[in-house]
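File shown: run_12.cif (mmCIF, C-alpha atoms).
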```cif
data_final
#
loop_
_atom_site.label_atom_id
_atom_site.label_comp_id
_atom_site.auth_asym_id
_atom_site.auth_seq_id
_atom_site.Cartn_x
_atom_site.Cartn_y
_atom_site.Cartn_z
CA MET N 1 312.11 -57.73 6.43
CA THR N 2 310.48 -54.88 8.22
CA HIS N 3 313.35 -54.70 10.64
CA ASP N 4 316.00 -52.82 8.72
CA THR N 5 313.63 -50.27 7.18
CA MET N 6 312.23 -49.58 10.62
CA SER N 7 315.00 -47.28 11.72
CA ASP N 8 314.18 -44.59 9.20
CA HIS N 9 314.60 -41.74 11.65
CA ALA N 10 316.99 -38.86 11.54
CA LEU N 11 319.59 -40.85 13.42
CA PRO N 12 320.63 -44.26 12.18
CA GLU N 13 320.09 -46.28 15.30
CA PRO N 14 321.05 -49.95 15.44
CA ALA N 15 317.62 -51.58 15.86
CA PRO N 16 317.09 -50.96 19.58
CA ALA N 17 315.23 -53.15 22.00
CA HIS N 18 312.06 -51.06 21.86
CA ASP N 19 311.88 -51.48 18.12
CA SER N 20 308.87 -53.75 18.42
CA GLY N 21 307.05 -50.72 19.78
CA ARG N 22 306.55 -49.49 16.23
CA GLN N 23 304.05 -52.21 15.44
CA HIS N 24 301.21 -51.11 17.63
CA PRO N 25 297.80 -52.60 17.28
CA ILE N 26 295.26 -50.35 15.62
CA GLY N 27 293.21 -50.53 18.79
CA LEU N 28 295.74 -48.31 20.53
CA TYR N 29 295.11 -45.51 18.05
CA LEU N 30 291.36 -45.93 18.28
CA LYS N 31 291.61 -45.74 22.05
CA VAL N 32 293.69 -42.56 21.93
CA TRP N 33 291.23 -41.15 19.43
CA ALA N 34 288.39 -41.86 21.84
CA TYR N 35 290.31 -40.22 24.69
CA LEU N 36 290.91 -37.14 22.56
CA PHE N 37 287.21 -36.95 21.77
CA VAL N 38 286.32 -37.21 25.43
CA LEU N 39 288.83 -34.52 26.38
CA SER N 40 287.57 -32.20 23.64
CA THR N 41 284.01 -32.73 24.79
CA LEU N 42 285.04 -31.93 28.33
CA SER N 43 286.68 -28.70 27.25
CA TYR N 44 283.55 -27.76 25.32
CA LEU N 45 281.54 -28.47 28.46
CA VAL N 46 283.72 -26.01 30.38
CA ASP N 47 282.44 -23.37 27.97
CA TYR N 48 278.89 -24.72 27.99
CA PHE N 49 278.48 -24.65 31.76
CA GLN N 50 279.94 -21.14 31.90
CA VAL N 51 282.64 -21.99 34.39
CA HIS N 52 284.52 -18.80 35.11
CA GLY N 53 287.67 -17.52 36.73
CA VAL N 54 290.58 -19.61 37.84
CA THR N 55 288.63 -22.88 37.61
CA ARG N 56 287.94 -22.24 33.93
CA TRP N 57 291.55 -21.45 33.07
CA THR N 58 292.86 -24.41 35.04
CA LEU N 59 290.43 -26.83 33.40
CA ILE N 60 291.14 -25.49 29.90
CA ILE N 61 294.89 -25.75 30.40
CA VAL N 62 294.67 -29.21 31.95
CA PHE N 63 292.56 -30.59 29.08
CA MET N 64 294.80 -28.83 26.56
CA LEU N 65 297.97 -30.33 28.03
CA LEU N 66 296.43 -33.79 28.26
CA LYS N 67 295.42 -33.66 24.60
CA ALA N 68 298.79 -32.33 23.53
CA GLY N 69 300.50 -35.07 25.55
CA LEU N 70 298.41 -37.81 23.96
CA ILE N 71 299.05 -36.53 20.44
CA VAL N 72 302.78 -36.10 20.96
CA SER N 73 303.44 -39.32 22.84
CA ILE N 74 301.21 -41.76 20.97
CA PHE N 75 300.43 -40.31 17.54
CA MET N 76 303.88 -38.83 17.06
CA HIS N 77 305.47 -41.88 18.71
CA MET N 78 307.49 -39.88 21.17
CA ALA N 79 306.76 -42.36 23.95
CA TRP N 80 308.95 -44.89 22.14
CA GLU N 81 311.73 -42.48 21.32
CA ARG N 82 315.05 -42.37 23.10
CA LEU N 83 315.06 -40.24 26.22
CA SER N 84 317.78 -37.91 24.92
CA LEU N 85 315.65 -37.08 21.88
CA VAL N 86 312.62 -36.49 24.08
CA TYR N 87 314.61 -34.02 26.15
CA ALA N 88 316.08 -32.36 23.05
CA ILE N 89 312.57 -31.69 21.79
CA LEU N 90 310.75 -30.80 24.99
CA VAL N 91 313.28 -28.79 26.96
CA PRO N 92 313.79 -25.80 24.57
CA PRO N 93 310.06 -24.93 24.42
CA LEU N 94 309.83 -25.28 28.18
CA VAL N 95 312.77 -22.91 28.61
CA LEU N 96 311.04 -20.45 26.27
CA LEU N 97 307.89 -20.71 28.37
CA VAL N 98 309.88 -19.90 31.48
CA LEU N 99 311.27 -16.85 29.67
CA VAL N 100 307.76 -15.76 28.68
CA ARG N 101 306.67 -16.21 32.27
CA ILE N 102 309.55 -14.02 33.51
CA MET N 103 308.65 -11.33 30.98
CA ILE N 104 305.00 -11.41 32.03
CA VAL N 105 306.06 -10.88 35.64
CA GLU N 106 308.19 -7.96 34.53
CA SER N 107 305.52 -6.47 32.26
CA ASP N 108 303.44 -5.28 35.21
CA TYR N 109 306.36 -3.29 36.51
CA THR N 110 307.07 -1.76 33.10
CA PHE N 111 303.41 -0.92 32.64
CA TRP N 112 303.10 0.89 35.95
CA THR N 113 306.39 2.71 35.39
CA ARG N 114 304.94 4.09 32.17
CA ILE N 115 301.65 5.04 33.78
CA ILE N 116 303.29 6.78 36.72
CA PHE N 117 306.26 8.50 35.10
CA LEU N 118 305.25 9.00 31.48
CA GLY N 119 301.81 10.45 32.09
CA GLY N 120 299.58 7.50 31.30
CA GLY N 121 301.13 6.80 27.93
CA GLY N 122 300.61 3.08 28.43
CA MET H 1 286.24 -28.20 14.02
CA THR H 2 288.23 -29.65 16.88
CA PHE H 3 286.60 -33.02 16.37
CA VAL H 4 287.27 -32.91 12.64
CA LEU H 5 290.97 -32.25 13.13
CA ILE H 6 291.31 -34.82 15.92
CA SER H 7 289.65 -37.41 13.71
CA SER H 8 292.04 -36.56 10.92
CA SER H 9 294.94 -37.11 13.28
CA GLY H 10 293.48 -40.47 14.24
CA THR H 11 293.18 -41.62 10.63
CA MET H 12 296.68 -40.33 9.91
CA ALA H 13 298.16 -42.27 12.82
CA MET H 14 296.53 -45.43 11.50
CA ALA H 15 297.78 -44.65 7.99
CA VAL H 16 301.34 -44.47 9.29
CA ASN H 17 300.79 -47.76 11.10
CA PHE H 18 299.55 -49.48 7.95
CA GLY H 19 302.46 -47.91 6.10
CA TYR H 20 304.84 -49.77 8.39
CA ARG H 21 302.94 -52.95 7.63
CA ARG H 22 303.34 -52.26 3.90
CA ASP H 23 299.59 -52.26 3.39
CA ARG H 24 299.40 -49.87 0.46
CA ARG H 25 295.67 -49.70 -0.11
CA LYS H 26 294.75 -49.12 3.53
CA THR H 27 297.52 -46.57 3.94
CA ALA H 28 296.41 -44.60 0.91
CA ALA H 29 292.73 -44.85 1.85
CA LEU H 30 293.39 -43.56 5.36
CA MET H 31 295.58 -40.76 4.05
CA ILE H 32 292.87 -39.67 1.65
CA ALA H 33 290.38 -39.78 4.52
CA THR H 34 292.78 -37.57 6.47
CA ALA H 35 292.99 -35.16 3.54
CA LEU H 36 289.18 -35.04 3.34
CA PHE H 37 288.98 -34.20 7.04
CA GLY H 38 291.57 -31.49 6.42
CA MET H 39 289.51 -30.03 3.60
CA ALA H 40 286.42 -30.09 5.78
CA PHE H 41 288.36 -28.22 8.42
CA VAL H 42 289.53 -25.52 6.01
CA GLY H 43 285.99 -25.23 4.68
CA MET H 44 284.61 -24.71 8.17
CA GLN H 45 287.31 -22.16 8.80
CA ALA H 46 286.36 -20.22 5.67
CA PHE H 47 282.77 -20.28 6.91
CA GLU H 48 283.84 -19.01 10.33
CA TRP H 49 286.00 -16.23 8.88
CA THR H 50 283.14 -15.11 6.63
CA LYS H 51 280.84 -14.92 9.63
CA LEU H 52 283.38 -12.96 11.67
CA ILE H 53 284.17 -10.53 8.88
CA VAL H 54 280.77 -10.00 7.27
CA GLU H 55 278.36 -10.34 10.17
CA GLU H 56 280.39 -9.32 13.18
CA GLY H 57 282.65 -6.77 11.53
CA VAL H 58 285.96 -8.06 12.89
CA ARG H 59 288.95 -6.77 10.93
CA PRO H 60 292.71 -7.27 11.33
CA TRP H 61 292.85 -3.68 12.60
CA GLY H 62 289.71 -3.61 14.68
CA ASN H 63 287.14 -5.54 16.61
CA PRO H 64 283.73 -4.13 17.54
CA MET H 65 283.43 -6.61 20.43
CA GLY H 66 286.57 -5.73 22.35
CA ALA H 67 290.30 -5.30 22.04
CA PRO H 68 291.33 -4.38 18.48
CA GLN H 69 294.37 -6.62 18.80
CA PHE H 70 292.06 -9.62 18.76
CA GLY H 71 291.44 -9.23 15.04
CA ALA H 72 295.12 -9.05 14.17
CA CYS H 73 296.11 -12.01 16.35
CA PHE H 74 293.14 -14.15 15.41
CA PHE H 75 293.40 -13.70 11.67
CA MET H 76 297.16 -14.06 11.60
CA ILE H 77 297.35 -17.16 13.78
CA THR H 78 294.34 -19.05 12.45
CA GLY H 79 295.26 -17.89 8.95
CA PHE H 80 298.72 -19.37 9.14
CA HIS H 81 297.33 -22.50 10.72
CA GLY H 82 294.75 -22.85 7.96
CA LEU H 83 297.46 -22.30 5.36
CA HIS H 84 299.47 -25.13 6.88
CA VAL H 85 296.42 -27.37 6.92
CA SER H 86 295.88 -26.62 3.22
CA ALA H 87 299.51 -27.35 2.42
CA GLY H 88 299.21 -30.55 4.44
CA VAL H 89 296.19 -31.64 2.44
CA ILE H 90 298.14 -31.20 -0.79
CA MET H 91 301.11 -33.08 0.63
CA LEU H 92 298.88 -35.92 1.85
CA LEU H 93 297.28 -36.28 -1.55
CA VAL H 94 300.68 -36.34 -3.27
CA VAL H 95 302.08 -38.93 -0.87
CA ALA H 96 298.90 -41.02 -1.05
CA THR H 97 299.17 -41.10 -4.85
CA LYS H 98 302.76 -42.23 -4.58
CA VAL H 99 301.76 -44.93 -2.10
CA LEU H 100 299.11 -46.19 -4.48
CA ARG H 101 301.56 -46.20 -7.36
CA GLY H 102 303.92 -48.30 -5.28
CA GLN H 103 306.73 -45.79 -5.51
CA TYR H 104 307.83 -46.40 -1.93
CA ASP H 105 307.82 -50.15 -2.41
CA ARG H 106 310.34 -49.80 -5.19
CA SER H 107 312.66 -47.57 -3.22
CA GLY H 108 311.95 -49.52 -0.03
CA ASP H 109 311.77 -46.27 1.90
CA TYR H 110 308.49 -45.51 3.59
CA SER H 111 309.69 -42.57 5.64
CA ALA H 112 307.70 -40.08 3.55
CA ILE H 113 304.52 -41.37 5.18
CA GLU H 114 305.97 -41.03 8.63
CA ILE H 115 307.13 -37.48 7.83
CA ALA H 116 303.73 -36.54 6.45
CA GLY H 117 302.22 -38.00 9.61
CA LEU H 118 304.48 -36.03 11.90
CA TYR H 119 303.67 -32.83 10.00
CA TRP H 120 299.97 -33.49 10.21
CA HIS H 121 300.03 -34.31 13.93
CA PHE H 122 301.96 -31.15 14.60
CA VAL H 123 299.36 -29.07 12.77
CA ASP H 124 296.74 -30.79 14.94
CA LEU H 125 298.83 -30.11 18.03
CA VAL H 126 298.96 -26.42 17.20
CA TRP H 127 295.19 -26.42 16.82
CA VAL H 128 294.84 -27.84 20.34
CA PHE H 129 296.62 -24.74 21.65
CA ILE H 130 294.79 -22.29 19.34
CA PHE H 131 291.48 -23.81 20.33
CA ALA H 132 292.21 -23.52 24.04
CA PHE H 133 293.43 -19.94 23.92
CA PHE H 134 291.17 -18.37 21.28
CA TYR H 135 287.91 -20.25 21.54
CA LEU H 136 287.65 -21.24 25.18
CA TRP H 137 289.60 -18.64 27.10
#
```

Spit out the file's structure as structure tokens when you get a sec.
Amino acid sequence: MTHDTMSDHALPEPAPAHDSGRQHPIGLYLKVWAYLFVLSTLSYLVDYFQVHGVTRWTLIIVFMLLKAGLIVSIFMHMAWERLSLVYAILVPPLVLLVLVRIMIVESDYTFWTRIIFLGGGG
Amino acid sequence: MTFVLISSSGTMAMAVNFGYRRDRRKTAALMIATALFGMAFVGMQAFEWTKLIVEEGVRPWGNPMGAPQFGACFFMITGFHGLHVSAGVIMLLVVATKVLRGQYDRSGDYSAIEIAGLYWHFVDLVWVFIFAFFYLW
């Protein structure tokens, strides 16, 4: 009975093998919830213990990515999605991030060009 | 605030799960719990904004503590996020009412709960990034 209504995603997929993955025990969500709490606490502790410099940024980003990964894969069920859909969702933002990265690298050059040739207008 | 929003995501995930099991009362109860967490979050945000504006004098065009761009970025980004949380709360309450009324049982289509869940998790996901870059950096 629950089988045919299960495939209520954007694409009508013919009840795949991982369909049973939709019926997770509640314990899984509680566990992820606990992990998210722990990770949030850890990131608060980074602030609390006044960690500075590269260590701070690395820790913040690591905890952030771990939390984001847990939310996306478990809560948003991406871990049980087809691989092509996972790529379709994740690759464009990653490409954008690469673009941002390239522009940041370039920004230094633009900034100094302004300072040197346009009389400190930066 | 982070813990409030994470908790709301947890309750929402369980609501979606109970939705798949066609457990109307638990689904609606968990969705209302999620909405309450959302309201608490917006309330805390209003409190925080008041403190920043009234006590610390931060404005969208200026910031006595540092770069003036902070005010513009902070208010715009957290403002839009808060707006989405508020909209999400309204949507959750609407969908929860429909769940309680059994509207989705009649149509046999429970995807509205899943969609509401995905929306809510995404709002939470955005907060994870905002929190890391604005509050901890």

Polymer residues at most 8 Å from Thr11 (chain H), only C-alpha atoms, same-chain spacing of 4 or more positions, as an mmCIF file with C-alpha atoms, in the coordinates of the input:
```
data_model
loop_
_atom_site.group_PDB
_atom_site.id
_atom_site.type_symbol
_atom_site.label_atom_id
_atom_site.label_comp_id
_atom_site.auth_asym_id
_atom_site.auth_seq_id
_atom_site.Cartn_x
_atom_site.Cartn_y
_atom_site.Cartn_z
ATOM 1 C CA SER H 7 289.650 -37.410 13.710
ATOM 2 C CA ALA H 15 297.780 -44.650 7.990
ATOM 3 C CA LEU H 30 293.390 -43.560 5.360
ATOM 4 C CA MET H 31 295.580 -40.760 4.050
ATOM 5 C CA ALA H 33 290.380 -39.780 4.520
ATOM 6 C CA THR H 34 292.780 -37.570 6.470
#
```

For this session: For chain N, list the residues within 6 Å of chain H, counting only C-alpha atoms, and write the list as number ranges by chain.
Result: N: 33, 68, 75-76

Problem set entry | Counting all atoms listed in the file, the residue of N:Leu118, N:Thr58, N:Met64, N:Ile74 that sits nearest Tyr29 (chain N) |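 Using all atoms listed in the file, Tyr29 (chain N) sits closest to N:Ile74.
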
For this session: Measure the distance from CA of His84 (chain H) to CA of Leu70 (chain N) in Å and round it to one decimal.
Result: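 Separating CA of His84 (chain H) from CA of Leu70 (chain N) is a distance of 21.3 Å.
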
Seminar exercise, completed: Here CA of Ala35 (chain H) and CA of Gly88 (chain H) stand apart by 7.8 Å

Problem set entry | Distance query region 55-61 of chain H at most 12 Å, only C-alpha atoms, self and fewer than 5 positions along chain excluded, as a PyMOL selection string | chain H and resi 47-50+66-79

N, CA and C atoms for region 100-118 of chain H, written as an mmCIF file, keeping the file's coordinate frame, could you do that?
```
data_model
loop_
_atom_site.group_PDB
_atom_site.id
_atom_site.type_symbol
_atom_site.label_atom_id
_atom_site.label_comp_id
_atom_site.auth_asym_id
_atom_site.auth_seq_id
_atom_site.Cartn_x
_atom_site.Cartn_y
_atom_site.Cartn_z
ATOM 1 N N LEU H 100 299.927 -45.346 -3.613
ATOM 2 C CA LEU H 100 299.110 -46.190 -4.480
ATOM 3 C C LEU H 100 299.893 -46.675 -5.684
ATOM 4 N N ARG H 101 300.762 -45.798 -6.206
ATOM 5 C CA ARG H 101 301.560 -46.200 -7.360
ATOM 6 C C ARG H 101 302.661 -47.179 -6.988
ATOM 7 N N GLY H 102 302.889 -47.352 -5.695
ATOM 8 C CA GLY H 102 303.920 -48.300 -5.280
ATOM 9 C C GLY H 102 305.322 -47.731 -5.356
ATOM 10 N N GLN H 103 305.414 -46.417 -5.380
ATOM 11 C CA GLN H 103 306.730 -45.790 -5.510
ATOM 12 C C GLN H 103 307.627 -46.094 -4.321
ATOM 13 N N TYR H 104 307.012 -46.174 -3.128
ATOM 14 C CA TYR H 104 307.830 -46.400 -1.930
ATOM 15 C C TYR H 104 308.209 -47.863 -1.790
ATOM 16 N N ASP H 105 307.436 -48.745 -2.438
ATOM 17 C CA ASP H 105 307.820 -50.150 -2.410
ATOM 18 C C ASP H 105 309.084 -50.370 -3.215
ATOM 19 N N ARG H 106 309.174 -49.631 -4.338
ATOM 20 C CA ARG H 106 310.340 -49.800 -5.190
ATOM 21 C C ARG H 106 311.597 -49.277 -4.508
ATOM 22 N N SER H 107 311.471 -48.111 -3.876
ATOM 23 C CA SER H 107 312.660 -47.570 -3.220
ATOM 24 C C SER H 107 312.871 -48.205 -1.844
ATOM 25 N N GLY H 108 311.836 -48.872 -1.327
ATOM 26 C CA GLY H 108 311.950 -49.520 -0.030
ATOM 27 C C GLY H 108 311.985 -48.549 1.129
ATOM 28 N N ASP H 109 311.659 -47.289 0.854
ATOM 29 C CA ASP H 109 311.770 -46.270 1.900
ATOM 30 C C ASP H 109 310.392 -45.650 2.148
ATOM 31 N N TYR H 110 309.831 -45.983 3.279
ATOM 32 C CA TYR H 110 308.490 -45.510 3.590
ATOM 33 C C TYR H 110 308.488 -44.269 4.475
ATOM 34 N N SER H 111 309.636 -43.642 4.643
ATOM 35 C CA SER H 111 309.690 -42.570 5.640
ATOM 36 C C SER H 111 308.838 -41.367 5.249
ATOM 37 N N ALA H 112 308.524 -41.218 3.950
ATOM 38 C CA ALA H 112 307.700 -40.080 3.550
ATOM 39 C C ALA H 112 306.360 -40.088 4.266
ATOM 40 N N ILE H 113 305.812 -41.292 4.496
ATOM 41 C CA ILE H 113 304.520 -41.370 5.180
ATOM 42 C C ILE H 113 304.667 -40.937 6.621
ATOM 43 N N GLU H 114 305.737 -41.414 7.238
ATOM 44 C CA GLU H 114 305.970 -41.030 8.630
ATOM 45 C C GLU H 114 306.144 -39.510 8.746
ATOM 46 N N ILE H 115 306.892 -38.930 7.784
ATOM 47 C CA ILE H 115 307.130 -37.480 7.830
ATOM 48 C C ILE H 115 305.819 -36.727 7.648
ATOM 49 N N ALA H 116 305.027 -37.168 6.659
ATOM 50 C CA ALA H 116 303.730 -36.540 6.450
ATOM 51 C C ALA H 116 302.893 -36.641 7.721
ATOM 52 N N GLY H 117 302.970 -37.808 8.367
ATOM 53 C CA GLY H 117 302.220 -38.000 9.610
ATOM 54 C C GLY H 117 302.659 -37.052 10.696
ATOM 55 N N LEU H 118 303.976 -36.923 10.849
ATOM 56 C CA LEU H 118 304.480 -36.030 11.900
ATOM 57 C C LEU H 118 304.042 -34.592 11.628
#
```
